[in-house]
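upload_37.cif (mmCIF, C-alpha atoms)
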```
data_input
#
loop_
_atom_site.group_PDB
_atom_site.id
_atom_site.type_symbol
_atom_site.label_atom_id
_atom_site.label_comp_id
_atom_site.auth_asym_id
_atom_site.auth_seq_id
_atom_site.Cartn_x
_atom_site.Cartn_y
_atom_site.Cartn_z
ATOM 1 C CA MET A 1313 0.000 0.000 0.000
ATOM 2 C CA ARG A 1314 2.781 2.340 1.006
ATOM 3 C CA PRO A 1315 4.789 1.997 -2.273
ATOM 4 C CA LEU A 1316 1.626 2.927 -4.153
ATOM 5 C CA LEU A 1317 1.188 6.127 -2.146
ATOM 6 C CA ARG A 1318 4.837 7.102 -2.346
ATOM 7 C CA PRO A 1319 4.552 9.099 -5.632
ATOM 8 C CA PHE A 1320 1.671 11.078 -4.160
ATOM 9 C CA GLU A 1321 3.699 11.815 -1.019
ATOM 10 C CA VAL A 1322 6.592 13.081 -3.132
ATOM 11 C CA ALA A 1323 4.284 15.179 -5.277
ATOM 12 C CA ALA A 1324 2.542 16.645 -2.212
ATOM 13 C CA ASP A 1325 5.928 17.423 -0.672
ATOM 14 C CA ARG A 1326 7.136 19.172 -3.830
ATOM 15 C CA VAL A 1327 3.936 21.185 -4.107
ATOM 16 C CA SER A 1328 3.936 22.226 -0.465
ATOM 17 C CA ARG A 1329 7.662 22.985 -0.220
ATOM 18 C CA PRO A 1330 7.485 26.497 -1.747
ATOM 19 C CA PHE A 1331 4.690 27.384 0.702
ATOM 20 C CA ARG A 1332 6.710 26.058 3.628
ATOM 21 C CA ASP A 1333 9.767 27.993 2.444
ATOM 22 C CA ALA A 1334 7.690 31.159 2.028
ATOM 23 C CA TYR A 1335 6.247 30.718 5.530
ATOM 24 C CA GLY A 1336 9.746 30.226 6.954
ATOM 25 C CA TYR A 1337 10.986 33.310 5.104
ATOM 26 C CA PHE A 1338 8.192 35.562 6.389
ATOM 27 C CA ALA A 1339 8.410 34.155 9.931
ATOM 28 C CA GLY A 1340 12.147 34.909 9.896
ATOM 29 C CA LEU A 1341 11.450 38.392 8.543
ATOM 30 C CA VAL A 1342 8.939 39.149 11.312
ATOM 31 C CA HIS A 1343 11.384 37.862 13.937
ATOM 32 C CA ALA A 1344 14.231 39.944 12.460
ATOM 33 C CA LYS A 1345 12.011 43.044 12.432
ATOM 34 C CA SER A 1346 11.003 42.642 16.072
ATOM 35 C CA GLU A 1347 14.631 42.014 17.039
ATOM 36 C CA ASN A 1348 15.656 45.066 15.023
ATOM 37 C CA ASN A 1349 13.145 47.210 16.921
ATOM 38 C CA ARG A 1350 14.322 45.862 20.261
ATOM 39 C CA LEU A 1351 17.964 46.557 19.372
ATOM 40 C CA ARG A 1352 17.104 50.085 18.187
ATOM 41 C CA VAL A 1353 15.471 50.852 21.550
ATOM 42 C CA GLU A 1354 18.425 49.320 23.401
ATOM 43 C CA ASN A 1355 20.877 51.287 21.264
ATOM 44 C CA GLU A 1356 18.998 54.506 21.985
ATOM 45 C CA GLN A 1357 19.073 53.821 25.734
ATOM 46 C CA LEU A 1358 22.804 53.074 25.630
ATOM 47 C CA ARG A 1359 23.472 56.276 23.661
ATOM 48 C CA GLN A 1360 21.593 58.294 26.281
ATOM 49 C CA GLN A 1361 23.456 56.524 29.073
ATOM 50 C CA ALA A 1362 26.808 57.161 27.358
ATOM 51 C CA SER A 1363 26.086 60.879 26.954
ATOM 52 C CA GLN A 1364 24.942 61.100 30.600
ATOM 53 C CA ASN A 1365 28.154 59.355 31.688
ATOM 54 C CA ALA A 1366 30.279 61.712 29.589
ATOM 55 C CA PHE A 1367 28.465 64.716 31.063
ATOM 56 C CA ALA A 1368 28.861 63.380 34.624
ATOM 57 C CA ALA A 1369 32.573 62.736 34.039
ATOM 58 C CA SER A 1370 33.186 66.260 32.735
ATOM 59 C CA GLU A 1371 31.143 67.766 35.591
ATOM 60 C CA ASN A 1372 33.080 65.639 38.081
ATOM 61 C CA ALA A 1373 36.424 66.813 36.644
ATOM 62 C CA ASP A 1374 35.214 70.417 36.728
ATOM 63 C CA LEU A 1375 34.051 70.218 40.367
ATOM 64 C CA ARG A 1376 37.273 68.505 41.461
ATOM 65 C CA LYS A 1377 39.247 71.280 39.822
ATOM 66 C CA LYS A 1378 37.181 73.955 41.567
ATOM 67 C CA LEU A 1379 37.595 72.256 44.936
ATOM 68 C CA GLY A 1380 41.338 71.826 44.466
ATOM 69 C CA PHE A 1381 40.697 68.139 45.124
ATOM 70 C CA ILE A 1382 43.813 65.977 45.514
ATOM 71 C CA ASN A 1383 43.147 62.610 43.893
ATOM 72 C CA SER A 1384 44.328 59.316 45.260
ATOM 73 C CA PRO A 1385 45.671 57.045 42.499
ATOM 74 C CA GLN A 1386 42.931 55.645 40.278
ATOM 75 C CA TYR A 1387 43.218 52.448 38.326
ATOM 76 C CA PRO A 1388 44.548 52.234 35.615
ATOM 77 C CA ARG A 1389 45.879 55.796 35.146
ATOM 78 C CA GLY A 1390 47.398 56.299 38.581
ATOM 79 C CA PHE A 1391 49.278 53.004 38.653
ATOM 80 C CA GLY A 1392 52.534 51.731 37.256
ATOM 81 C CA HIS A 1393 52.953 48.031 36.639
ATOM 82 C CA VAL A 1394 55.502 45.246 36.471
ATOM 83 C CA THR A 1395 54.855 42.131 34.411
ATOM 84 C CA ALA A 1396 55.977 38.820 35.842
ATOM 85 C CA SER A 1397 55.915 35.770 33.612
ATOM 86 C CA ASP A 1398 54.764 32.230 34.302
ATOM 87 C CA PRO A 1399 54.699 31.764 38.087
ATOM 88 C CA GLY A 1400 54.366 27.985 37.702
ATOM 89 C CA GLN A 1401 52.054 25.705 39.626
ATOM 90 C CA VAL A 1402 50.443 26.694 42.892
ATOM 91 C CA PRO A 1403 52.453 24.756 45.523
ATOM 92 C CA SER A 1404 49.679 23.076 47.528
ATOM 93 C CA ALA A 1405 46.009 23.126 48.379
ATOM 94 C CA PHE A 1406 46.770 24.773 51.742
ATOM 95 C CA GLU A 1407 49.280 27.286 50.487
ATOM 96 C CA GLN A 1408 47.850 29.184 47.544
ATOM 97 C CA GLN A 1409 50.857 31.429 47.015
ATOM 98 C CA VAL A 1410 53.182 31.876 44.047
ATOM 99 C CA LEU A 1411 56.669 33.304 43.720
ATOM 100 C CA ILE A 1412 57.382 35.829 40.978
ATOM 101 C CA ASP A 1413 60.711 37.094 39.690
ATOM 102 C CA ALA A 1414 60.257 40.777 40.464
ATOM 103 C CA GLY A 1415 60.802 42.519 43.771
ATOM 104 C CA SER A 1416 61.557 45.804 45.484
ATOM 105 C CA SER A 1417 64.134 46.623 42.791
ATOM 106 C CA SER A 1418 61.181 46.859 40.368
ATOM 107 C CA GLY A 1419 59.184 49.100 42.693
ATOM 108 C CA ILE A 1420 56.986 46.397 44.226
ATOM 109 C CA HIS A 1421 55.751 46.770 47.802
ATOM 110 C CA VAL A 1422 53.816 44.582 50.208
ATOM 111 C CA PHE A 1423 50.018 44.697 49.634
ATOM 112 C CA ASP A 1424 50.391 45.737 45.974
ATOM 113 C CA PRO A 1425 47.534 44.224 43.934
ATOM 114 C CA VAL A 1426 48.291 41.512 41.368
ATOM 115 C CA VAL A 1427 46.091 41.137 38.301
ATOM 116 C CA THR A 1428 45.791 39.254 35.027
ATOM 117 C CA GLY A 1429 43.812 40.255 31.970
ATOM 118 C CA GLU A 1430 40.803 38.599 33.613
ATOM 119 C CA GLY A 1431 40.964 40.566 36.878
ATOM 120 C CA LEU A 1432 42.395 40.606 40.395
ATOM 121 C CA VAL A 1433 44.191 37.389 41.392
ATOM 122 C CA GLY A 1434 45.870 38.287 44.685
ATOM 123 C CA THR A 1435 48.146 40.595 46.640
ATOM 124 C CA VAL A 1436 51.877 40.785 47.323
ATOM 125 C CA VAL A 1437 52.610 39.495 50.833
ATOM 126 C CA ARG A 1438 56.418 39.423 50.915
ATOM 127 C CA VAL A 1439 59.027 41.304 48.943
ATOM 128 C CA ALA A 1440 62.738 40.613 48.469
ATOM 129 C CA HIS A 1441 65.128 42.463 46.189
ATOM 130 C CA ASN A 1442 64.341 40.473 43.042
ATOM 131 C CA GLN A 1443 61.457 38.252 44.111
ATOM 132 C CA SER A 1444 58.007 38.628 45.597
ATOM 133 C CA LEU A 1445 55.513 36.237 47.129
ATOM 134 C CA VAL A 1446 51.946 36.623 45.897
ATOM 135 C CA ALA A 1447 49.044 35.265 47.953
ATOM 136 C CA LEU A 1448 46.227 34.322 45.580
ATOM 137 C CA LEU A 1449 42.604 35.137 46.349
ATOM 138 C CA THR A 1450 42.147 31.412 46.975
ATOM 139 C CA ASP A 1451 44.630 31.515 49.875
ATOM 140 C CA ASP A 1452 42.914 31.274 53.263
ATOM 141 C CA THR A 1453 44.978 34.147 54.626
ATOM 142 C CA THR A 1454 43.935 36.528 51.838
ATOM 143 C CA SER A 1455 41.097 38.966 52.237
ATOM 144 C CA VAL A 1456 40.425 41.914 49.935
ATOM 145 C CA SER A 1457 37.920 44.721 50.205
ATOM 146 C CA ALA A 1458 35.001 44.646 47.790
ATOM 147 C CA VAL A 1459 32.200 46.973 46.795
ATOM 148 C CA ASP A 1460 28.918 46.345 44.994
ATOM 149 C CA VAL A 1461 28.973 48.837 42.121
ATOM 150 C CA GLU A 1462 25.158 49.010 41.975
ATOM 151 C CA THR A 1463 24.270 49.446 45.655
ATOM 152 C CA GLY A 1464 27.604 50.751 46.972
ATOM 153 C CA ALA A 1465 27.530 48.096 49.720
ATOM 154 C CA GLN A 1466 31.022 47.491 51.041
ATOM 155 C CA GLY A 1467 32.472 44.252 52.276
ATOM 156 C CA SER A 1468 35.404 41.928 52.153
ATOM 157 C CA SER A 1469 36.093 39.010 49.859
ATOM 158 C CA ARG A 1470 37.777 35.837 50.999
ATOM 159 C CA PRO A 1471 37.970 32.244 49.748
ATOM 160 C CA ALA A 1472 35.091 29.922 50.474
ATOM 161 C CA PRO A 1473 35.817 27.277 53.139
ATOM 162 C CA ALA A 1474 37.597 24.164 51.862
ATOM 163 C CA SER A 1475 34.441 22.043 52.363
ATOM 164 C CA ILE A 1476 32.473 24.206 49.906
ATOM 165 C CA ARG A 1477 35.363 24.242 47.413
ATOM 166 C CA SER A 1478 35.697 20.468 47.460
ATOM 167 C CA ALA A 1479 31.911 20.089 47.076
ATOM 168 C CA ARG A 1480 32.033 22.372 44.029
ATOM 169 C CA THR A 1481 34.973 20.444 42.584
ATOM 170 C CA GLU A 1482 33.060 17.174 43.023
ATOM 171 C CA SER A 1483 29.938 18.594 41.364
ATOM 172 C CA GLU A 1484 32.049 19.926 38.482
ATOM 173 C CA LYS A 1485 33.631 16.480 38.077
ATOM 174 C CA ARG A 1486 30.222 14.844 37.940
ATOM 175 C CA ARG A 1487 28.964 17.388 35.419
ATOM 176 C CA HIS A 1488 32.015 16.957 33.192
ATOM 177 C CA SER A 1489 31.915 13.193 33.271
ATOM 178 C CA ARG A 1490 28.178 13.283 32.497
ATOM 179 C CA HIS A 1491 28.914 15.244 29.339
ATOM 180 C CA GLY A 1492 31.691 12.853 28.351
ATOM 181 C CA ARG A 1493 34.428 15.420 28.779
ATOM 182 C CA LEU A 1494 37.797 15.051 30.429
ATOM 183 C CA GLU A 1495 37.479 14.972 34.186
ATOM 184 C CA ASP A 1496 38.997 17.720 36.309
ATOM 185 C CA GLU A 1497 42.265 16.489 37.748
ATOM 186 C CA GLY A 1498 41.378 18.050 41.114
ATOM 187 C CA ARG A 1499 44.849 19.463 41.472
ATOM 188 C CA PRO A 1500 45.634 22.261 43.895
ATOM 189 C CA GLY A 1501 44.462 25.624 42.712
ATOM 190 C CA SER A 1502 41.306 24.286 41.148
ATOM 191 C CA ALA A 1503 39.242 26.166 43.692
ATOM 192 C CA ARG A 1504 37.114 28.596 41.775
ATOM 193 C CA SER A 1505 34.872 30.198 44.290
ATOM 194 C CA THR A 1506 35.316 33.056 46.662
ATOM 195 C CA ARG A 1507 32.970 34.242 49.323
ATOM 196 C CA ALA A 1508 32.242 37.883 49.843
ATOM 197 C CA GLU A 1509 30.706 39.368 52.921
ATOM 198 C CA SER A 1510 28.918 42.635 52.664
ATOM 199 C CA ARG A 1511 27.008 44.760 55.092
ATOM 200 C CA SER A 1512 23.318 44.153 54.764
ATOM 201 C CA ASP A 1513 21.254 47.201 53.909
ATOM 202 C CA GLY A 1514 18.339 46.077 56.036
ATOM 203 C CA MET B 415 27.134 35.394 41.733
ATOM 204 C CA THR B 416 26.269 31.835 42.715
ATOM 205 C CA SER B 417 24.418 32.309 46.011
ATOM 206 C CA VAL B 418 23.336 34.870 48.590
ATOM 207 C CA GLY B 419 22.470 34.133 52.188
ATOM 208 C CA GLN B 420 22.113 35.720 55.586
ATOM 209 C CA ASN B 421 21.382 34.361 59.043
ATOM 210 C CA GLU B 422 19.098 36.399 61.261
ATOM 211 C CA VAL B 423 21.803 36.763 63.911
ATOM 212 C CA ASP B 424 24.593 37.404 61.436
ATOM 213 C CA LEU B 425 25.888 40.936 60.967
ATOM 214 C CA TYR B 426 26.964 40.303 57.389
ATOM 215 C CA LYS B 427 25.305 39.065 54.268
ATOM 216 C CA HIS B 428 27.188 36.208 52.584
ATOM 217 C CA VAL B 429 27.527 36.411 48.816
ATOM 218 C CA GLN B 430 29.239 33.603 46.955
ATOM 219 C CA LEU B 431 30.921 34.533 43.691
ATOM 220 C CA GLU B 432 32.684 32.695 40.940
ATOM 221 C CA PRO B 433 35.694 34.741 39.801
ATOM 222 C CA PHE B 434 36.493 35.472 36.171
ATOM 223 C CA VAL B 435 40.089 34.407 36.756
ATOM 224 C CA SER B 436 41.034 30.793 36.209
ATOM 225 C CA PHE B 437 43.560 30.061 38.940
ATOM 226 C CA LYS B 438 44.640 26.884 37.131
ATOM 227 C CA THR B 439 46.235 28.799 34.285
ATOM 228 C CA LEU B 440 48.088 31.823 35.579
ATOM 229 C CA SER B 441 50.466 32.447 32.710
ATOM 230 C CA SER B 442 51.422 36.067 33.302
ATOM 231 C CA LEU B 443 50.859 38.344 36.282
ATOM 232 C CA LEU B 444 50.813 42.097 36.473
ATOM 233 C CA VAL B 445 51.780 43.770 39.770
ATOM 234 C CA LEU B 446 50.304 47.251 40.130
ATOM 235 C CA PHE B 447 51.783 49.985 42.287
ATOM 236 C CA PRO B 448 50.773 53.600 42.780
#
```
Conversion result in structure tokens:
Amino acid sequence: MRPLLRPFEVAADRVSRPFRDAYGYFAGLVHAKSENNRLRVENEQLRQQASQNAFAASENADLRKKLGFINSPQYPRGFGHVTASDPGQVPSAFEQQVLIDAGSSSGIHVFDPVVTGEGLVGTVVRVAHNQSLVALLTDDTTSVSAVDVETGAQGSSRPAPASIRSARTESEKRRHSRHGRLEDEGRPGSARSTRAESRSDG
Amino acid sequence: MTSVGQNEVDLYKHVQLEPFVSFKTLSSLLVLFP
């Protein structure tokens, strides 16, 4: 029965295909138009925000000048920097500190911040003439101040307790193995969570 | 931000974050000084 109907199925498919294609084309067009409108509105809002920011920045500079305000250094303009290459592996799970080949001879001091292209990674805790010891944010002894840019709430950031880190590592392992990927080796330095405490507004 | 919590008796709110930095692959560090 089915072989007999097959030519009709093919014919029906060929006849209906242009209509399906036309429907797909117009549906895509409507979607693109609505997305275009949404992006236009978003673009307009961002333009307004950018001009407000530029105005606020110029007003801020003007007021500072009038007040004779003495600025503290502001990142990145007020800071110099020293680049230290490959610090190697983090020594152990309990000691999340790395040694870099730059010290006081390069202008480094204790408590200087250490960053990568991705953000803050730690602070300098010891300085010798040509070497410095950097405590990573994952080190239990490290604590850095933090601020919520939206609410202005201030607090301090420190690594999550080891129990939470190991639980996260285990859950990551399970997730990776479920997706058939390589499992995390669980080596020291795989901790990827920090805990921040901030004053509650309420 | 992965979680937010606060005990009634606790002075601080606890916010758990996942940093952008991958601490497994620190290839080059930049030390900033004023």
Closest pair table for chain B residues within 12 Å of segment 1457-1462 of chain A, all atoms listed in the file, as CSV:
```
residue,atom,partner,partner_atom,distance
B:Met415,CA,A:Asp1460,CA,11.6
B:Val429,CA,A:Asp1460,CA,10.7
B:Leu431,CA,A:Ala1458,CA,11.6
```
Open item on the list: Only residues of chain B matter here; which ones have an atom within 7 Å of chain A, counting all atoms listed in the file? Give them as number ranges by chain.
Closed with: B: 426-435, 437-438, 440-448
Let me have the centre and edge lengths of the axis-aligned box enclosing all listed atoms of segment 415-432 of chain B with 5 Å padding on every side, in Å to one decimal, as AutoDock Vina command-line options.
```
--center_x 25.9 --center_y 36.4 --center_z 52.4 --size_x 23.6 --size_y 19.1 --size_z 33.0
```
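Rounded to one decimal, atom CA of Leu1358 of chain A and atom CA of Val1342 of chain A lie 24.3 Å from each other.
Between atom CA of Glu1356 of chain A and atom CA of Ser1370 of chain A the separation is 21.3 Å.
Picture a line from atom CA of Leu1379 of chain A to atom CA of Ala1362 of chain A; it runs 25.6 Å.
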